[in-house]
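Data first, discussion second: the structure below is written as structure tokens.
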Amino acid sequence: MCGILGYIGSQQATPLLLEGLRRLEYRGYDSVGISTMSDNGNLNVLKTAGRVDTLTDLIGNHLPISNMGIGHSRWATHGPATRDNAHPHVGGNCDLALVHNGVIENHDELRTRLESLGFYFKSGTDSEVIAHLIHWHITQRTKLQSNACGELQEQDEFRSRIQGVRRALKELRGSYALVIMFRDQPDYLLAVCNGSPLIIGTTDDGHLIGSDKHAISHSAHQFTRLEDQELAVIRSDSVQILQKTNPGLASREILWKEEDTHSLSFDDSCTYSHRTLQEIHEQPLTLKHMLSNIEDDFHSFPIEFLNNLPKRILILACGTSYHAGLFGKYIIEAISGIPVEVEYASEFRYRESPYQEGTLLLTISQSGETADTLGALREFKQRKQPTVAICNVPGSTLTEESDATIFLNVGLENGVAATKSYTADCAILSRLAMLWGYQKDVNVSRLSLLINDFHTIPQMISNVLDAKESIKNVAHTYEDAKRFLFIGRGFDYPTALEGALKLKELSYISAEGYAAGELKHGPLALVDDQTITVALATPGRTYEKVLSNLEEIRCRGGQILAIGVEDDQRLKRVANNVIYVQKVDEFLQPLVNIIPLQLFAFYLALARGCDVDRPRNLAKSVTVE
Ligand code: M6R
């Protein structure tokens, strides 16, 4: 989703901003823009619908010359992806330019008021409202001050500008990260945030600001995070963060941090036709890496938060991470007997969930920037109970705000569809289940068998990947399908949900995931010869039950594609197509079973001409509610 950049220093701003915008591309966006200071002291705004390459083409050989600038990649929330709606937006008569990430909930009423004050709007965005509002408040403050004291001294001017910005911010309801540049102030940028992150970085010759570390780590080497409601004044040789509790100009001390030790490698190279395909193929390696120290004392885990056996675990997450959490519930409860609740983060934050003593919160988020998950974490933290994040991105807001983090360490996941982060989440949750199983001294003999089986998973995944041509052929036979039902039971219920999510987000075909036992309670009405049921039917406690469900589908004319194990003659008889996987312990089978579903969704989407790495309407990092 939207990404923000700012630079002030002695280098040319434009190339740094363009490079930063490229680094933010993975989040998903539909328009881009930059603003720089021109020679004649005006703000120069260049923006366009489309990609960073479109902006680069627009700039051509006329690189704006400026030592300061702001940049933005926009994922449309208010108004379509047009040039006018792209950022930066200007306030007043091009007196200031700003970039915004977040959503302003009361933008309509503010716009009406500003229009009545004579402001003219060029865009349909909530962000342009902020630009005019800030301009208006600054003008009011400056007028007041100069009426009182005549010609304003530099410090008074600065003070009334800050007061004006603060007054404008007080009127905003919602979330924002803003970087602002003023036409008449070529010495500094202002940055402020509330519910949407901003990182400030020092470079050799100045400062960069970005929505995340990756956006600025091409040049910055020390980083600090702006806290909600703080205002930063960023000059080429200094950063001043004004205390949020103090209405004046008192600043707080800044703690600069070097790059995290868990640094996420930002390897931009793609050796496959698509990043999603590459990331699917990386899974044997990411899991092998994770399993290499499984017999150790879980040394990569924040043991101080996990050793104290929780009475109950609450898992909060969204999308694919939520599905991983659901798998976590099955395996943690089965192995350790600790009760686990899993909930969509977006639901948890706005309902009355009763306080329960001894709860450990596990949040799961690949990006660590998902607004719903962060909101739920903040809500939960008021209970003063421990919070542990499972996350892929070091230095992300989730990792900063949680008591401890277990890192996925799978490298950058670039494709919008989560793939390698899902299996890594499931593997970490399995390890947590084992850790608590050992601590409670339950199922110990089963545990050592499980660990043995765990080691076989990377090879089993490789074997599925080796069979990708046949999965591709199967996918092609369903190119014109209109509707899919994914069913699974027990440990594979989350796999069914995740398989359906992968198919719908990549191929745009309607796909629903169900617990197989639920079919007869409604979804069975959907079954006809146009409906394809994808069934997870590998051996396990509920295998027979799933097979009966498939018989019910078959006799109603439904088509069946099953994921099963080789030599399963019964499955062969009932299903129209079977994709084979190898058998592993039922508890771990979902880590293997999801791979053919990822490949199936990928190839089906490709056959339908979809943009698999960047599915329409979606973003990698969902930073708005
Ligand atoms: O970064 P997160 O794991 O918090 O993201 C949560 C979801 O937005 C994400 O998993 C989304 O559902 C994926 N596009 C699914 O492939």
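Going by the structure tokens order, chains are called A, B, ..., each with residues numbered from 1, while ligands are numbered from 1 in the order shown.
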
Return as a PyMOL selection string the full set of residues in segment 172-352 of chain A whose backbone-based DSSP assignment is strand (DSSP E). chain A and resi 176-182+185-194+199-202+206-210+222-225+231-234+239-242+251-252+257-258+312-317+340-344

Listing only residues of segment 346-430 of chain A within 12 Å of segment 332-338 of chain A, what is the closest atom pair and its distance in Å (to one decimal) for each, using only C-alpha atoms, sorted by chain and residue number ascending, as JSON lines?
```
{"residue": "A:Gly358", "atom": "CA", "partner": "A:Ile338", "partner_atom": "CA", "distance": 11.3}
{"residue": "A:Thr359", "atom": "CA", "partner": "A:Ile338", "partner_atom": "CA", "distance": 10.5}
{"residue": "A:Leu360", "atom": "CA", "partner": "A:Ile338", "partner_atom": "CA", "distance": 10.8}
{"residue": "A:Cys426", "atom": "CA", "partner": "A:Ile332", "partner_atom": "CA", "distance": 10.8}
{"residue": "A:Ala427", "atom": "CA", "partner": "A:Ile332", "partner_atom": "CA", "distance": 11.6}
{"residue": "A:Ile428", "atom": "CA", "partner": "A:Ile332", "partner_atom": "CA", "distance": 10.9}
{"residue": "A:Leu429", "atom": "CA", "partner": "A:Ile332", "partner_atom": "CA", "distance": 7.4}
{"residue": "A:Ser430", "atom": "CA", "partner": "A:Ile332", "partner_atom": "CA", "distance": 7.0}
```

Take the residues from that selection and put them in a file with C-alpha atoms, as an mmCIF file, in the first residue's frame.
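As a result, again_15.cif now contains:
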```cif
data_model
loop_
_atom_site.group_PDB
_atom_site.id
_atom_site.type_symbol
_atom_site.label_atom_id
_atom_site.label_comp_id
_atom_site.auth_asym_id
_atom_site.auth_seq_id
_atom_site.Cartn_x
_atom_site.Cartn_y
_atom_site.Cartn_z
ATOM 1 C CA GLY A 358 -2.362 -16.088 31.950
ATOM 2 C CA THR A 359 -2.951 -15.402 28.246
ATOM 3 C CA LEU A 360 -0.034 -15.174 25.826
ATOM 4 C CA CYS A 426 3.292 -23.225 10.166
ATOM 5 C CA ALA A 427 6.760 -24.618 10.889
ATOM 6 C CA ILE A 428 7.328 -22.103 13.701
ATOM 7 C CA LEU A 429 3.931 -22.855 15.214
ATOM 8 C CA SER A 430 4.735 -26.578 15.062
#
```

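Minimum distance to Thr623 of chain A across A:Arg183, A:Lys244, A:His100, A:Arg349 (counting only C-alpha atoms) occurs at A:His100.
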
Extract, using only C-alpha atoms, all DNA, RNA and protein residues at most 6 Å from segment 560-571 of chain A, discarding same-chain residues fewer than 4 positions from it, and format them as a ChimeraX atom specification. /A:532-538,575-582

Which one is closest to ligand 1: A:Ser146, A:Thr363, A:Gln439, A:Thr77? Count only C-alpha atoms and all ligand atoms.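 Ranking A:Ser146, A:Thr363, A:Gln439, A:Thr77 by distance to ligand 1, first place goes to A:Thr363.
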
Test item: residues no farther than 9 Å from ligand 1, counting only C-alpha atoms and all ligand atoms, as a PyMOL selection string: chain A and resi 317-323+363-374+391-392+415-419+421-422+498+501-502+505-506+615+618-622

Identify, on the basis of only C-alpha atoms, every residue whose closest approach to Leu21 of chain A does not exceed 10 Å; exclude the query and any residue fewer than 2 positions from it along the same chain; express the result as a VMD selection string. chain A and resid 3 to 5 15 to 19 23 to 26 32 to 34 51 to 52 71 to 73 210 215 to 216

Can you list, as a PDB file with N, CA, C and O atoms, in the first residue's frame, every protein, DNA or RNA residue that comes within 6 Å of Ile390 of chain A when you count only C-alpha atoms, leaving out same-chain residues fewer than 6 positions away?
```
ATOM      1  N   ILE A 364       0.683 -12.843  14.205  1.00  0.00           N
ATOM      2  CA  ILE A 364       1.416 -13.373  13.046  1.00  0.00           C
ATOM      3  C   ILE A 364       1.253 -12.369  11.916  1.00  0.00           C
ATOM      4  O   ILE A 364       0.134 -11.978  11.573  1.00  0.00           O
ATOM      5  N   THR A 405       9.982 -11.211  19.432  1.00  0.00           N
ATOM      6  CA  THR A 405       9.629 -11.642  18.073  1.00  0.00           C
ATOM      7  C   THR A 405      10.316 -12.952  17.732  1.00  0.00           C
ATOM      8  O   THR A 405      11.481 -13.161  18.083  1.00  0.00           O
ATOM      9  N   ILE A 406       9.599 -13.825  17.031  1.00  0.00           N
ATOM     10  CA  ILE A 406      10.226 -14.989  16.401  1.00  0.00           C
ATOM     11  C   ILE A 406      10.258 -14.663  14.911  1.00  0.00           C
ATOM     12  O   ILE A 406       9.198 -14.444  14.296  1.00  0.00           O
ATOM     13  N   PHE A 407      11.458 -14.583  14.357  1.00  0.00           N
ATOM     14  CA  PHE A 407      11.574 -14.176  12.956  1.00  0.00           C
ATOM     15  C   PHE A 407      11.443 -15.372  12.018  1.00  0.00           C
ATOM     16  O   PHE A 407      11.949 -16.457  12.304  1.00  0.00           O
TER      17      PHE A 407
END
```

Can you list, as a list in words, every protein, DNA or RNA residue that comes within 12 Å of Thr271 of chain A when you count only C-alpha atoms, leaving out same-chain residues fewer than 6 positions away? Leu277, Gln278, Glu279, His281 and Glu282 of chain A

Give me the residues near segment 603-610 of chain A as number ranges by chain, where near means some atom within 6 Å (using only C-alpha atoms) and where sequence neighbours in that chain fewer than 2 positions away do not count. A: 472, 475, 506-507, 600-601, 612

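Distance check against Leu178 of chain A using only C-alpha atoms: of A:Thr531, A:Thr14, A:Gln229, A:Asn93, the minimum falls on A:Gln229.
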
Residues flagged helix (DSSP H, G or I) by DSSP in segment 146-303 of chain A, as a short mmCIF file (atom, residue, chain, number, x, y, z; two decimals) with all heavy atoms, in the first residue's frame:
```cif
data_model
loop_
_atom_site.label_atom_id
_atom_site.label_comp_id
_atom_site.auth_asym_id
_atom_site.auth_seq_id
_atom_site.Cartn_x
_atom_site.Cartn_y
_atom_site.Cartn_z
N SER A 146 1.70 37.94 13.80
CA SER A 146 2.22 39.20 13.28
C SER A 146 1.33 40.37 13.69
O SER A 146 1.81 41.48 13.88
CB SER A 146 2.47 39.16 11.78
OG SER A 146 1.46 38.46 11.15
N ASN A 147 0.03 40.10 13.91
CA ASN A 147 -0.82 41.19 14.43
C ASN A 147 -0.34 41.58 15.82
O ASN A 147 -0.34 42.74 16.19
CB ASN A 147 -2.28 40.74 14.51
CG ASN A 147 -2.88 40.70 13.13
OD1 ASN A 147 -2.30 41.27 12.20
ND2 ASN A 147 -4.03 40.05 12.98
N ALA A 148 0.11 40.54 16.58
CA ALA A 148 0.53 40.81 17.95
C ALA A 148 1.93 41.44 18.00
O ALA A 148 2.19 42.31 18.81
CB ALA A 148 0.51 39.52 18.76
N CYS A 149 2.85 40.97 17.16
CA CYS A 149 4.24 41.44 17.30
C CYS A 149 4.82 42.10 16.06
O CYS A 149 6.03 42.27 15.97
CB CYS A 149 5.18 40.30 17.69
SG CYS A 149 4.44 38.79 18.16
N GLU A 154 12.62 34.92 12.74
CA GLU A 154 12.68 33.55 12.20
C GLU A 154 12.11 32.52 13.19
O GLU A 154 11.31 31.66 12.83
CB GLU A 154 14.13 33.22 11.88
CG GLU A 154 14.26 32.09 10.89
CD GLU A 154 15.72 31.80 10.62
OE1 GLU A 154 16.50 32.74 10.38
OE2 GLU A 154 16.07 30.62 10.69
N GLN A 155 12.51 32.66 14.48
CA GLN A 155 12.08 31.67 15.47
C GLN A 155 10.56 31.73 15.69
O GLN A 155 9.91 30.71 15.86
CB GLN A 155 12.86 31.91 16.78
CG GLN A 155 12.65 30.87 17.85
CD GLN A 155 13.12 29.46 17.42
OE1 GLN A 155 13.73 29.29 16.36
NE2 GLN A 155 12.82 28.47 18.22
N ASP A 156 10.02 32.96 15.68
CA ASP A 156 8.57 33.11 15.87
C ASP A 156 7.82 32.50 14.69
O ASP A 156 6.77 31.87 14.83
CB ASP A 156 8.18 34.59 15.97
CG ASP A 156 8.82 35.23 17.19
OD1 ASP A 156 9.02 34.50 18.17
OD2 ASP A 156 9.15 36.43 17.12
N GLU A 157 8.40 32.71 13.53
CA GLU A 157 7.79 32.19 12.31
C GLU A 157 7.75 30.66 12.38
O GLU A 157 6.73 30.02 12.10
CB GLU A 157 8.62 32.67 11.12
CG GLU A 157 7.89 32.71 9.80
CD GLU A 157 7.70 31.34 9.20
OE1 GLU A 157 8.55 30.44 9.45
OE2 GLU A 157 6.71 31.15 8.52
N PHE A 158 8.88 30.08 12.81
CA PHE A 158 8.97 28.63 12.93
C PHE A 158 7.95 28.12 13.97
O PHE A 158 7.23 27.16 13.72
CB PHE A 158 10.41 28.25 13.35
CG PHE A 158 10.63 26.79 13.53
CD1 PHE A 158 10.60 25.92 12.45
CD2 PHE A 158 10.85 26.25 14.81
CE1 PHE A 158 10.80 24.56 12.61
CE2 PHE A 158 11.04 24.89 14.98
CZ PHE A 158 11.02 24.05 13.88
N ARG A 159 7.90 28.84 15.11
CA ARG A 159 6.98 28.44 16.17
C ARG A 159 5.52 28.46 15.67
O ARG A 159 4.76 27.53 15.89
CB ARG A 159 7.14 29.38 17.36
CG ARG A 159 6.29 29.03 18.58
CD ARG A 159 6.43 30.08 19.65
NE ARG A 159 7.81 30.22 20.10
CZ ARG A 159 8.36 29.47 21.06
NH1 ARG A 159 7.63 28.58 21.66
NH2 ARG A 159 9.62 29.64 21.40
N SER A 160 5.15 29.53 14.96
CA SER A 160 3.74 29.58 14.55
C SER A 160 3.45 28.55 13.45
O SER A 160 2.35 28.03 13.35
CB SER A 160 3.30 30.99 14.14
OG SER A 160 4.18 31.53 13.23
N ARG A 161 4.46 28.20 12.67
CA ARG A 161 4.27 27.16 11.66
C ARG A 161 4.00 25.81 12.35
O ARG A 161 3.08 25.08 11.99
CB ARG A 161 5.54 27.05 10.80
CG ARG A 161 5.40 26.17 9.59
CD ARG A 161 6.62 26.30 8.72
NE ARG A 161 6.74 27.66 8.18
CZ ARG A 161 6.45 27.99 6.94
NH1 ARG A 161 6.07 27.09 6.08
NH2 ARG A 161 6.56 29.24 6.53
N ILE A 162 4.82 25.51 13.36
CA ILE A 162 4.63 24.24 14.08
C ILE A 162 3.26 24.24 14.77
O ILE A 162 2.53 23.24 14.74
CB ILE A 162 5.76 24.03 15.13
CG1 ILE A 162 7.13 23.92 14.43
CG2 ILE A 162 5.50 22.81 16.01
CD1 ILE A 162 7.31 22.71 13.55
N GLN A 163 2.91 25.38 15.37
CA GLN A 163 1.60 25.45 16.03
C GLN A 163 0.48 25.23 15.01
O GLN A 163 -0.50 24.54 15.28
CB GLN A 163 1.41 26.83 16.68
CG GLN A 163 2.15 26.95 18.00
CD GLN A 163 2.11 28.37 18.54
OE1 GLN A 163 1.72 29.30 17.84
NE2 GLN A 163 2.52 28.51 19.79
N GLY A 164 0.65 25.82 13.85
CA GLY A 164 -0.36 25.67 12.79
C GLY A 164 -0.51 24.21 12.40
O GLY A 164 -1.62 23.68 12.30
N VAL A 165 0.63 23.52 12.22
CA VAL A 165 0.58 22.09 11.84
C VAL A 165 -0.12 21.30 12.95
O VAL A 165 -1.00 20.48 12.69
CB VAL A 165 2.00 21.55 11.57
CG1 VAL A 165 1.98 20.04 11.36
CG2 VAL A 165 2.64 22.24 10.38
N ARG A 166 0.27 21.60 14.19
CA ARG A 166 -0.33 20.85 15.30
C ARG A 166 -1.84 21.06 15.37
O ARG A 166 -2.60 20.13 15.64
CB ARG A 166 0.33 21.26 16.62
CG ARG A 166 1.66 20.56 16.84
CD ARG A 166 2.23 20.90 18.18
NE ARG A 166 3.29 19.96 18.55
CZ ARG A 166 4.35 20.30 19.25
NH1 ARG A 166 4.52 21.55 19.62
NH2 ARG A 166 5.26 19.40 19.57
N ARG A 167 -2.27 22.28 15.13
CA ARG A 167 -3.71 22.55 15.17
C ARG A 167 -4.44 21.79 14.07
O ARG A 167 -5.53 21.25 14.28
CB ARG A 167 -3.98 24.05 15.01
CG ARG A 167 -3.78 24.74 16.32
CD ARG A 167 -3.94 26.21 16.27
NE ARG A 167 -3.66 26.69 17.61
CZ ARG A 167 -4.55 27.25 18.40
NH1 ARG A 167 -5.75 27.45 17.98
NH2 ARG A 167 -4.21 27.63 19.63
N ALA A 168 -3.81 21.75 12.91
CA ALA A 168 -4.43 21.01 11.81
C ALA A 168 -4.53 19.53 12.16
O ALA A 168 -5.57 18.89 11.96
CB ALA A 168 -3.62 21.21 10.54
N LEU A 169 -3.46 18.99 12.73
CA LEU A 169 -3.44 17.56 13.05
C LEU A 169 -4.53 17.21 14.07
O LEU A 169 -5.13 16.14 14.02
CB LEU A 169 -2.08 17.13 13.58
CG LEU A 169 -0.90 17.27 12.60
CD1 LEU A 169 0.41 16.89 13.26
CD2 LEU A 169 -1.13 16.41 11.36
N LYS A 170 -4.76 18.16 14.99
CA LYS A 170 -5.79 17.92 16.01
C LYS A 170 -7.16 17.72 15.38
O LYS A 170 -8.03 17.08 15.96
CB LYS A 170 -5.86 19.13 16.94
CG LYS A 170 -4.95 18.99 18.13
CD LYS A 170 -5.43 19.87 19.26
CE LYS A 170 -4.44 19.72 20.41
NZ LYS A 170 -3.98 20.99 20.91
N LYS A 213 12.08 0.54 6.50
CA LYS A 213 13.54 0.60 6.40
C LYS A 213 14.04 0.30 5.01
O LYS A 213 15.01 0.89 4.54
CB LYS A 213 14.12 -0.43 7.36
CG LYS A 213 14.73 0.18 8.57
CD LYS A 213 15.52 -0.88 9.24
CE LYS A 213 15.61 -0.58 10.71
NZ LYS A 213 16.15 -1.69 11.44
N HIS A 214 13.36 -0.65 4.34
CA HIS A 214 13.84 -1.04 3.00
C HIS A 214 13.86 0.13 2.04
O HIS A 214 14.72 0.23 1.17
CB HIS A 214 12.95 -2.12 2.40
CG HIS A 214 12.97 -3.35 3.22
ND1 HIS A 214 14.13 -4.03 3.47
CD2 HIS A 214 11.98 -3.98 3.87
CE1 HIS A 214 13.84 -5.05 4.25
NE2 HIS A 214 12.57 -5.04 4.51
N ALA A 215 12.88 1.02 2.22
CA ALA A 215 12.77 2.15 1.30
C ALA A 215 13.99 3.05 1.38
O ALA A 215 14.30 3.76 0.43
CB ALA A 215 11.50 2.93 1.62
N ILE A 216 14.67 3.04 2.51
CA ILE A 216 15.77 4.00 2.69
C ILE A 216 17.12 3.33 2.96
O ILE A 216 18.14 4.00 3.03
CB ILE A 216 15.44 5.01 3.81
CG1 ILE A 216 15.16 4.31 5.16
CG2 ILE A 216 14.25 5.87 3.43
CD1 ILE A 216 14.97 5.30 6.31
N ARG A 275 8.16 -13.81 -9.51
CA ARG A 275 8.62 -13.85 -8.12
C ARG A 275 7.82 -14.86 -7.29
O ARG A 275 8.36 -15.55 -6.44
CB ARG A 275 8.47 -12.47 -7.49
CG ARG A 275 9.50 -11.51 -8.03
CD ARG A 275 9.40 -10.17 -7.36
NE ARG A 275 10.33 -9.26 -8.00
CZ ARG A 275 11.61 -9.24 -7.80
NH1 ARG A 275 12.15 -10.07 -6.93
NH2 ARG A 275 12.41 -8.41 -8.44
N THR A 276 6.52 -14.94 -7.57
CA THR A 276 5.69 -15.87 -6.81
C THR A 276 6.19 -17.30 -7.02
O THR A 276 6.29 -18.08 -6.07
CB THR A 276 4.21 -15.74 -7.25
OG1 THR A 276 3.87 -14.36 -7.17
CG2 THR A 276 3.28 -16.55 -6.39
N LEU A 277 6.54 -17.62 -8.27
CA LEU A 277 7.02 -18.97 -8.56
C LEU A 277 8.36 -19.19 -7.84
O LEU A 277 8.60 -20.26 -7.27
CB LEU A 277 7.19 -19.15 -10.07
CG LEU A 277 7.48 -20.56 -10.54
CD1 LEU A 277 6.35 -21.51 -10.15
CD2 LEU A 277 7.68 -20.62 -12.06
N GLN A 278 9.20 -18.17 -7.87
CA GLN A 278 10.49 -18.28 -7.18
C GLN A 278 10.27 -18.53 -5.68
O GLN A 278 10.89 -19.39 -5.06
CB GLN A 278 11.29 -16.99 -7.38
CG GLN A 278 12.57 -16.96 -6.58
CD GLN A 278 13.60 -16.01 -7.19
OE1 GLN A 278 13.69 -15.88 -8.40
NE2 GLN A 278 14.38 -15.37 -6.36
N GLU A 279 9.34 -17.77 -5.11
CA GLU A 279 9.12 -17.90 -3.66
C GLU A 279 8.51 -19.26 -3.30
O GLU A 279 8.83 -19.84 -2.26
CB GLU A 279 8.28 -16.71 -3.16
CG GLU A 279 9.16 -15.47 -3.12
CD GLU A 279 8.43 -14.14 -3.19
OE1 GLU A 279 7.20 -14.11 -3.06
OE2 GLU A 279 9.12 -13.11 -3.38
N ILE A 280 7.68 -19.80 -4.20
CA ILE A 280 7.14 -21.15 -3.96
C ILE A 280 8.32 -22.14 -3.96
O ILE A 280 8.40 -23.03 -3.11
CB ILE A 280 6.10 -21.53 -5.05
CG1 ILE A 280 4.85 -20.68 -4.90
CG2 ILE A 280 5.75 -23.02 -4.98
CD1 ILE A 280 3.82 -20.85 -6.02
N HIS A 281 9.25 -21.92 -4.88
CA HIS A 281 10.40 -22.83 -4.99
C HIS A 281 11.41 -22.67 -3.86
O HIS A 281 12.25 -23.55 -3.66
CB HIS A 281 11.11 -22.63 -6.34
CG HIS A 281 10.45 -23.41 -7.43
ND1 HIS A 281 9.32 -22.97 -8.07
CD2 HIS A 281 10.73 -24.62 -7.97
CE1 HIS A 281 8.94 -23.86 -8.96
NE2 HIS A 281 9.77 -24.87 -8.93
N GLN A 283 10.76 -22.71 -0.80
CA GLN A 283 10.28 -23.30 0.46
C GLN A 283 11.10 -24.47 0.99
O GLN A 283 11.32 -24.54 2.20
CB GLN A 283 8.80 -23.64 0.34
CG GLN A 283 7.97 -22.36 0.24
CD GLN A 283 6.49 -22.58 -0.01
OE1 GLN A 283 5.68 -22.46 0.88
NE2 GLN A 283 6.15 -22.91 -1.23
N PRO A 284 11.61 -25.38 0.15
CA PRO A 284 12.43 -26.44 0.74
C PRO A 284 13.63 -25.85 1.49
O PRO A 284 13.98 -26.29 2.59
CB PRO A 284 12.91 -27.25 -0.47
CG PRO A 284 11.89 -26.98 -1.52
CD PRO A 284 11.41 -25.58 -1.29
N LEU A 285 14.20 -24.79 0.92
CA LEU A 285 15.38 -24.18 1.52
C LEU A 285 15.05 -23.43 2.81
O LEU A 285 15.75 -23.55 3.82
CB LEU A 285 16.01 -23.22 0.51
CG LEU A 285 17.52 -23.13 0.57
CD1 LEU A 285 18.12 -24.46 0.16
CD2 LEU A 285 18.00 -22.01 -0.36
N THR A 286 13.95 -22.66 2.77
CA THR A 286 13.62 -21.87 3.97
C THR A 286 13.29 -22.82 5.13
O THR A 286 13.65 -22.56 6.27
CB THR A 286 12.43 -20.91 3.72
OG1 THR A 286 11.34 -21.67 3.20
CG2 THR A 286 12.79 -19.81 2.75
N LEU A 287 12.63 -23.94 4.81
CA LEU A 287 12.28 -24.86 5.89
C LEU A 287 13.52 -25.63 6.38
O LEU A 287 13.69 -25.85 7.57
CB LEU A 287 11.19 -25.83 5.44
CG LEU A 287 9.82 -25.18 5.25
CD1 LEU A 287 8.78 -26.21 4.87
CD2 LEU A 287 9.37 -24.45 6.50
N LYS A 288 14.37 -25.99 5.43
CA LYS A 288 15.60 -26.70 5.81
C LYS A 288 16.41 -25.85 6.78
O LYS A 288 16.89 -26.30 7.81
CB LYS A 288 16.43 -26.98 4.56
CG LYS A 288 17.27 -28.24 4.67
CD LYS A 288 18.07 -28.43 3.42
CE LYS A 288 17.68 -29.70 2.71
NZ LYS A 288 18.22 -29.81 1.37
N HIS A 289 16.50 -24.57 6.44
CA HIS A 289 17.23 -23.63 7.27
C HIS A 289 16.62 -23.58 8.68
O HIS A 289 17.31 -23.64 9.69
CB HIS A 289 17.18 -22.26 6.60
CG HIS A 289 17.78 -21.17 7.41
ND1 HIS A 289 19.14 -21.10 7.63
CD2 HIS A 289 17.23 -20.14 8.07
CE1 HIS A 289 19.38 -20.05 8.39
NE2 HIS A 289 18.24 -19.46 8.67
N MET A 290 15.31 -23.55 8.71
CA MET A 290 14.63 -23.46 10.00
C MET A 290 14.80 -24.73 10.83
O MET A 290 14.89 -24.70 12.05
CB MET A 290 13.14 -23.22 9.75
CG MET A 290 12.37 -22.92 10.98
SD MET A 290 10.69 -22.53 10.55
CE MET A 290 10.89 -21.02 9.65
N LEU A 291 14.88 -25.87 10.12
CA LEU A 291 14.95 -27.14 10.84
C LEU A 291 16.37 -27.50 11.25
O LEU A 291 16.57 -28.43 12.03
CB LEU A 291 14.39 -28.26 9.96
CG LEU A 291 12.92 -28.10 9.60
CD1 LEU A 291 12.49 -29.20 8.63
CD2 LEU A 291 12.07 -28.14 10.85
N ILE A 303 12.82 -17.37 24.69
CA ILE A 303 12.42 -18.36 25.68
C ILE A 303 11.83 -17.73 26.94
O ILE A 303 10.91 -18.27 27.55
CB ILE A 303 13.66 -19.25 26.02
CG1 ILE A 303 13.97 -20.15 24.84
CG2 ILE A 303 13.46 -20.06 27.28
CD1 ILE A 303 12.87 -21.14 24.48
#
```

Let me make sure I understand: among A:Gly41, A:Leu306, A:Ser116, A:Ile130, which one has the smallest atom-to-atom distance to Gln185 of chain A if we use only C-alpha atoms?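 Of all the options, A:Gly41 lies closest to Gln185 of chain A.
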
Given only C-alpha atoms as the basis, pick out the residue of A:Asp466, A:Gln459, A:Phe305, A:Tyr543 nearest to Asp403 of chain A.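 Result for the nearest residue to Asp403 of chain A: A:Phe305.
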
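The space between atom CA of Leu447 of chain A and atom CA of Met434 of chain A spans 6.7 Å.
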